[in-house]
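Taking it in order: structure first as structure tokens, then the write-up.
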Amino acid sequence: MPPRITPLTDPGTTASSRRLAWLASDPEGVPVGSAFLRLFTREGENHRAELEIAVHPAERRTGVGGALLDAAVTAARSDERRSLVSRVVAGSPGDAFLAARGFRRVLALTFARLPLSNPDVQTVTGIAERPHPGYELTHWDGAVPPDLAHTYAGSRRAMDDMPMEDSDHGIDVWDVERVVAVAEVVLERGDALHTVAVVDRSDGSIVGFSELVVPGDGRGDAQHYGTGVLPEHRGHGLGLWMKAESIRRTRLRYPELTGLLTDTADSNAPMLGINDALGYLPTHRELEYRLDL
């Protein structure tokens with residue numbers, strides 16, 4: 001007997017997306033799986049939807065995942081989405097499931113971690129303290145200071161050409177209101193946001209940034225959110241410089257942190273090289289699949 005698929009009311013609405021949800025149950029009403037479909041609403045991203053499906057291991061290969069997928073695809077098409085994407089761990093059951101149902105692999109990501117218990121302090125410090133003629137580093141906690149807000153929002157276009165292979169990610173549109181709102185979300189949930197940025201001394205504008213989110217209790221692993229340099233300022237080692245400075249500051253400020261996490265597209269050779277140079281160690285790979293609607 002096919003599973004019963006029940007639409008749920010989901011509170012996961014944000015300034016940039018809303019979310020649909022379904023619960024799969026067996027004939028006795030026991031939950032056996034779930035699906036969440038995030039529908040992006042912000043300009044530049046409102047053509048895509050993101051899917052997450054979970055099925056109890058004992059119920060796999062019984063039609064549960066397929067029934068949840070059908071519900072999500074129908075909803076995405078009804079909402080006139082162009083593509084449906086889903087991310088899974090390489091080699092997992094989800095990897096085989098999506099490949100067998102018409103999705104194509106469009107992006108591979110390497111996840112890495114820098115252990116802070118025994119980092120190469122000398123190397124990191126040397127990189128952070130190396131001068132870069134014409135540039136200087138600045139930093140702030142939480143939301144960007146008002147005097148830097150406009151130039152920081154402008155620097156966010158550094159991520160527009162980030163290698164994302166064929167993921168149909170779209171273009172993020174950033175303004176001062178959005179960069180402040182993102183920082184406030186991090187702070188409201190109790191975490192800390194720290195940003196290191198590069199300033200062009202010729203005009204005082206921000207030309208690159210590197211963000212790090214630290215758990216509120218200062219323990220465990222922190223997460224890199226984004227590192228980017230404007231195209232016209234690349235080739236000067238600014239990305240490596242910022243990330244090294246972020247590591248240096250974080251070690252001094254949070255002695256109980258155990259590691260820093262990052263993820264990078266396999267096609268982004270420059271950032272993979274930066275991570276290698278700073279001592280990040282790969283932990284696993286994830287794959288993004290896409291279904292054209």
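Chain labels run A, B, ... following the order of the structure tokens; each chain numbers its residues from 1, and ligands are numbered from 1 in the order shown.
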
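Shell of stretch 11-23 of chain A at 7 Å, with only C-alpha atoms counted and residues fewer than 6 places along the chain excluded, is Ile5, Pro31, Gly33, Ser34, Ala35, Phe36, Leu37, Arg38, Leu39, Phe40, Thr41 and Arg42 of chain A.
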
Atoms to include: N, CA and C atoms. Write the selected residues as a tab-separated table (two decimals), in the first residue's frame.
chain	number	residue	atom	x	y	z
A	5	ILE	N	0.57	10.77	2.14
A	5	ILE	CA	1.34	12.00	2.13
A	5	ILE	C	0.45	13.13	2.63
A	31	PRO	N	4.77	7.79	11.18
A	31	PRO	CA	5.59	8.59	10.27
A	31	PRO	C	6.78	7.79	9.76
A	33	GLY	N	8.66	9.25	6.80
A	33	GLY	CA	9.50	10.14	6.01
A	33	GLY	C	8.93	11.54	5.96
A	34	SER	N	9.73	12.47	5.48
A	34	SER	CA	9.30	13.86	5.39
A	34	SER	C	9.99	14.53	4.22
A	35	ALA	N	9.41	15.64	3.78
A	35	ALA	CA	10.02	16.43	2.71
A	35	ALA	C	9.78	17.90	2.99
A	36	PHE	N	10.79	18.71	2.70
A	36	PHE	CA	10.67	20.16	2.83
A	36	PHE	C	11.07	20.78	1.50
A	37	LEU	N	10.28	21.72	1.03
A	37	LEU	CA	10.55	22.42	-0.23
A	37	LEU	C	10.67	23.90	0.06
A	38	ARG	N	11.88	24.43	-0.11
A	38	ARG	CA	12.08	25.87	0.12
A	38	ARG	C	11.92	26.60	-1.20
A	39	LEU	N	11.01	27.57	-1.23
A	39	LEU	CA	10.74	28.39	-2.40
A	39	LEU	C	11.34	29.76	-2.18
A	40	PHE	N	12.40	30.06	-2.92
A	40	PHE	CA	13.09	31.34	-2.74
A	40	PHE	C	12.25	32.46	-3.35
A	41	THR	N	12.19	33.58	-2.65
A	41	THR	CA	11.33	34.68	-3.07
A	41	THR	C	12.08	35.95	-3.40
A	42	ARG	N	13.36	36.01	-3.07
A	42	ARG	CA	14.13	37.23	-3.31
A	42	ARG	C	14.45	37.37	-4.79

Determine, counting only C-alpha atoms, which protein, DNA and RNA residues have an atom within 12 Å of an atom of A:His47; residues of the same chain fewer than 5 positions away are not included. Present the result as JSON, numbers by chain. {"A": [17, 38, 39, 40, 41, 42, 76, 77, 79, 80, 81, 82, 83, 84, 85, 168, 169, 170, 171, 292, 293]}

With C-alpha atoms kept, could you save the residues just selected as a PDB file, in the first residue's frame?
ATOM      1  CA  SER A  17      11.976  32.330   1.158  1.00  0.00           C
ATOM      2  CA  ARG A  38      12.077  25.867   0.118  1.00  0.00           C
ATOM      3  CA  LEU A  39      10.739  28.385  -2.400  1.00  0.00           C
ATOM      4  CA  PHE A  40      13.086  31.339  -2.742  1.00  0.00           C
ATOM      5  CA  THR A  41      11.326  34.683  -3.067  1.00  0.00           C
ATOM      6  CA  ARG A  42      14.126  37.234  -3.310  1.00  0.00           C
ATOM      7  CA  ALA A  76       7.372  23.465  -7.484  1.00  0.00           C
ATOM      8  CA  ARG A  77       5.808  23.278 -10.947  1.00  0.00           C
ATOM      9  CA  ASP A  79       4.661  27.715  -8.291  1.00  0.00           C
ATOM     10  CA  GLU A  80       6.284  28.106 -11.744  1.00  0.00           C
ATOM     11  CA  ARG A  81       9.787  27.291 -10.573  1.00  0.00           C
ATOM     12  CA  ARG A  82      12.435  26.729 -13.247  1.00  0.00           C
ATOM     13  CA  SER A  83      14.571  24.249 -11.365  1.00  0.00           C
ATOM     14  CA  LEU A  84      14.532  22.033  -8.300  1.00  0.00           C
ATOM     15  CA  VAL A  85      17.814  21.392  -6.505  1.00  0.00           C
ATOM     16  CA  ASP A 168      21.313  27.537 -11.468  1.00  0.00           C
ATOM     17  CA  HIS A 169      21.940  29.443  -8.263  1.00  0.00           C
ATOM     18  CA  GLY A 170      21.007  32.849  -9.635  1.00  0.00           C
ATOM     19  CA  ILE A 171      22.372  36.226  -8.564  1.00  0.00           C
ATOM     20  CA  ASP A 292      14.815  21.142 -14.693  1.00  0.00           C
ATOM     21  CA  LEU A 293      11.098  21.839 -14.444  1.00  0.00           C
TER      22      LEU A 293
END

Could you pull out the helix (DSSP H, G or I) residues of stretch 98-202 of chain A, going by DSSP on the backbone, and write them as a ChimeraX atom specification? /A:98-99,121-129,146-159,176-188

Give me a file of those residues, with C-alpha atoms, as a short mmCIF file (atom, residue, chain, number, x, y, z; two decimals), in the first residue's frame.
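Saved as result.cif:
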data_model
loop_
_atom_site.label_atom_id
_atom_site.label_comp_id
_atom_site.auth_asym_id
_atom_site.auth_seq_id
_atom_site.Cartn_x
_atom_site.Cartn_y
_atom_site.Cartn_z
CA LEU A 98 18.23 11.48 -7.06
CA ALA A 99 20.37 10.10 -9.88
CA VAL A 121 50.46 29.43 14.13
CA GLN A 122 53.69 30.67 12.59
CA THR A 123 52.46 30.23 9.03
CA VAL A 124 49.07 31.82 9.68
CA THR A 125 50.58 34.76 11.55
CA GLY A 126 53.15 35.31 8.82
CA ILE A 127 50.46 35.46 6.15
CA ALA A 128 48.25 37.78 8.21
CA GLU A 129 51.09 40.20 8.91
CA PRO A 146 27.31 52.69 9.20
CA ASP A 147 30.32 54.44 7.65
CA LEU A 148 31.28 51.24 5.81
CA ALA A 149 27.79 49.93 5.05
CA HIS A 150 27.38 51.18 1.47
CA THR A 151 30.80 50.16 0.26
CA TYR A 152 30.46 46.78 2.01
CA ALA A 153 27.11 46.12 0.34
CA GLY A 154 28.74 46.98 -2.98
CA SER A 155 31.56 44.53 -2.34
CA ARG A 156 29.08 41.65 -2.10
CA ARG A 157 29.11 41.40 -5.90
CA ALA A 158 32.45 39.64 -5.37
CA MET A 159 30.34 36.48 -4.95
CA VAL A 176 22.62 47.96 2.98
CA GLU A 177 19.29 46.80 4.37
CA ARG A 178 20.04 43.19 3.49
CA VAL A 179 23.59 43.05 4.88
CA VAL A 180 22.33 44.50 8.16
CA ALA A 181 19.36 42.11 8.25
CA VAL A 182 21.59 39.06 7.73
CA ALA A 183 23.83 40.14 10.60
CA GLU A 184 20.82 40.67 12.85
CA VAL A 185 19.52 37.16 12.14
CA VAL A 186 22.85 35.68 13.28
CA LEU A 187 22.87 37.78 16.43
CA GLU A 188 19.22 37.08 17.27
#

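The space separating atom CA of A:Gly259 from atom CA of A:Leu116 comes to 5.0 Å.
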
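Counting only C-alpha atoms, the residue from A:Val30, A:Leu291, A:Leu137, A:Val55 that sits nearest to A:Arg4 is A:Val30.
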
Residues of stretch 32-214 of chain A in strand (DSSP E or B), written as a VMD selection string: chain A and resid 32 to 40 48 to 55 83 to 89 104 to 115 135 to 141 192 to 200 205 to 214

Rank A:Gly218, A:Asp26, A:Ser205, A:Arg189 by their smallest atom-to-atom distance to A:Leu252, using only C-alpha atoms, and report the top residue only. A:Gly218

If we count only C-alpha atoms, what is near A:His236 at a cut-off of 12 Å, once residues fewer than 2 positions away on the same chain are taken out, given as number ranges by chain? A: 130-135, 198, 207-208, 229-234, 238-242, 270

Selected residues, C-alpha atoms, written as a PDB file, in the first residue's frame, please.
ATOM      1  CA  ARG A 130      52.428  40.292   5.353  1.00  0.00           C
ATOM      2  CA  PRO A 131      51.968  43.805   3.888  1.00  0.00           C
ATOM      3  CA  HIS A 132      49.914  44.319   0.726  1.00  0.00           C
ATOM      4  CA  PRO A 133      50.809  47.708  -0.831  1.00  0.00           C
ATOM      5  CA  GLY A 134      47.761  49.823  -1.519  1.00  0.00           C
ATOM      6  CA  TYR A 135      45.520  47.825   0.813  1.00  0.00           C
ATOM      7  CA  VAL A 198      40.185  44.619   2.785  1.00  0.00           C
ATOM      8  CA  VAL A 207      37.092  45.392  -2.007  1.00  0.00           C
ATOM      9  CA  GLY A 208      36.937  42.044  -0.205  1.00  0.00           C
ATOM     10  CA  VAL A 229      37.337  39.659  -3.520  1.00  0.00           C
ATOM     11  CA  LEU A 230      36.083  41.996  -6.237  1.00  0.00           C
ATOM     12  CA  PRO A 231      37.286  40.835  -9.690  1.00  0.00           C
ATOM     13  CA  GLU A 232      39.306  43.981 -10.337  1.00  0.00           C
ATOM     14  CA  HIS A 233      41.333  43.401  -7.164  1.00  0.00           C
ATOM     15  CA  ARG A 234      42.101  39.704  -7.514  1.00  0.00           C
ATOM     16  CA  LEU A 238      43.800  39.276  -0.601  1.00  0.00           C
ATOM     17  CA  GLY A 239      41.593  36.242   0.000  1.00  0.00           C
ATOM     18  CA  LEU A 240      44.410  34.356   1.719  1.00  0.00           C
ATOM     19  CA  TRP A 241      45.307  37.483   3.698  1.00  0.00           C
ATOM     20  CA  MET A 242      41.773  37.989   5.035  1.00  0.00           C
ATOM     21  CA  PRO A 270      41.772  29.491  -5.941  1.00  0.00           C
TER      22      PRO A 270
END

Surrounding residues of A:Trp140 excluding itself and chain neighbours under 5 positions, 7 Å, only C-alpha atoms, as a CSV table (one decimal) with C-alpha atoms, in the first residue's frame:
chain,number,residue,atom,x,y,z
A,194,HIS,CA,32.9,38.5,12.8
A,195,THR,CA,34.0,40.1,9.5
A,196,VAL,CA,37.5,40.9,8.2

Expressed in Å, the length from atom CA of A:Ala192 to atom CA of A:Leu212 is 8.2 Å

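Distances to A:Thr258 were evaluated for A:Leu107, A:Val173, A:Ile274, A:Val214 using only C-alpha atoms, and the minimum falls at A:Val214.
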
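Among the candidate residues A:Gly228, A:Gly190, A:Gly94, A:Gly63, the one lying nearest to A:Gly216 is A:Gly190, with distances computed using only C-alpha atoms.
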
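In this model, the gap between atom CA of A:Gly65 and atom CA of A:Thr9 comes to 19.7 Å.
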
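Closest to A:Gly220 among A:Glu288, A:Glu59, A:Glu256, A:Asp203 is A:Glu256, based on only C-alpha atoms.
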
May I have the residues within 9 Å of A:Ser86 as a ChimeraX atom specification, using only C-alpha atoms and disregarding those fewer than 5 positions away in the same chain? /A:49-53,98,103,287-291
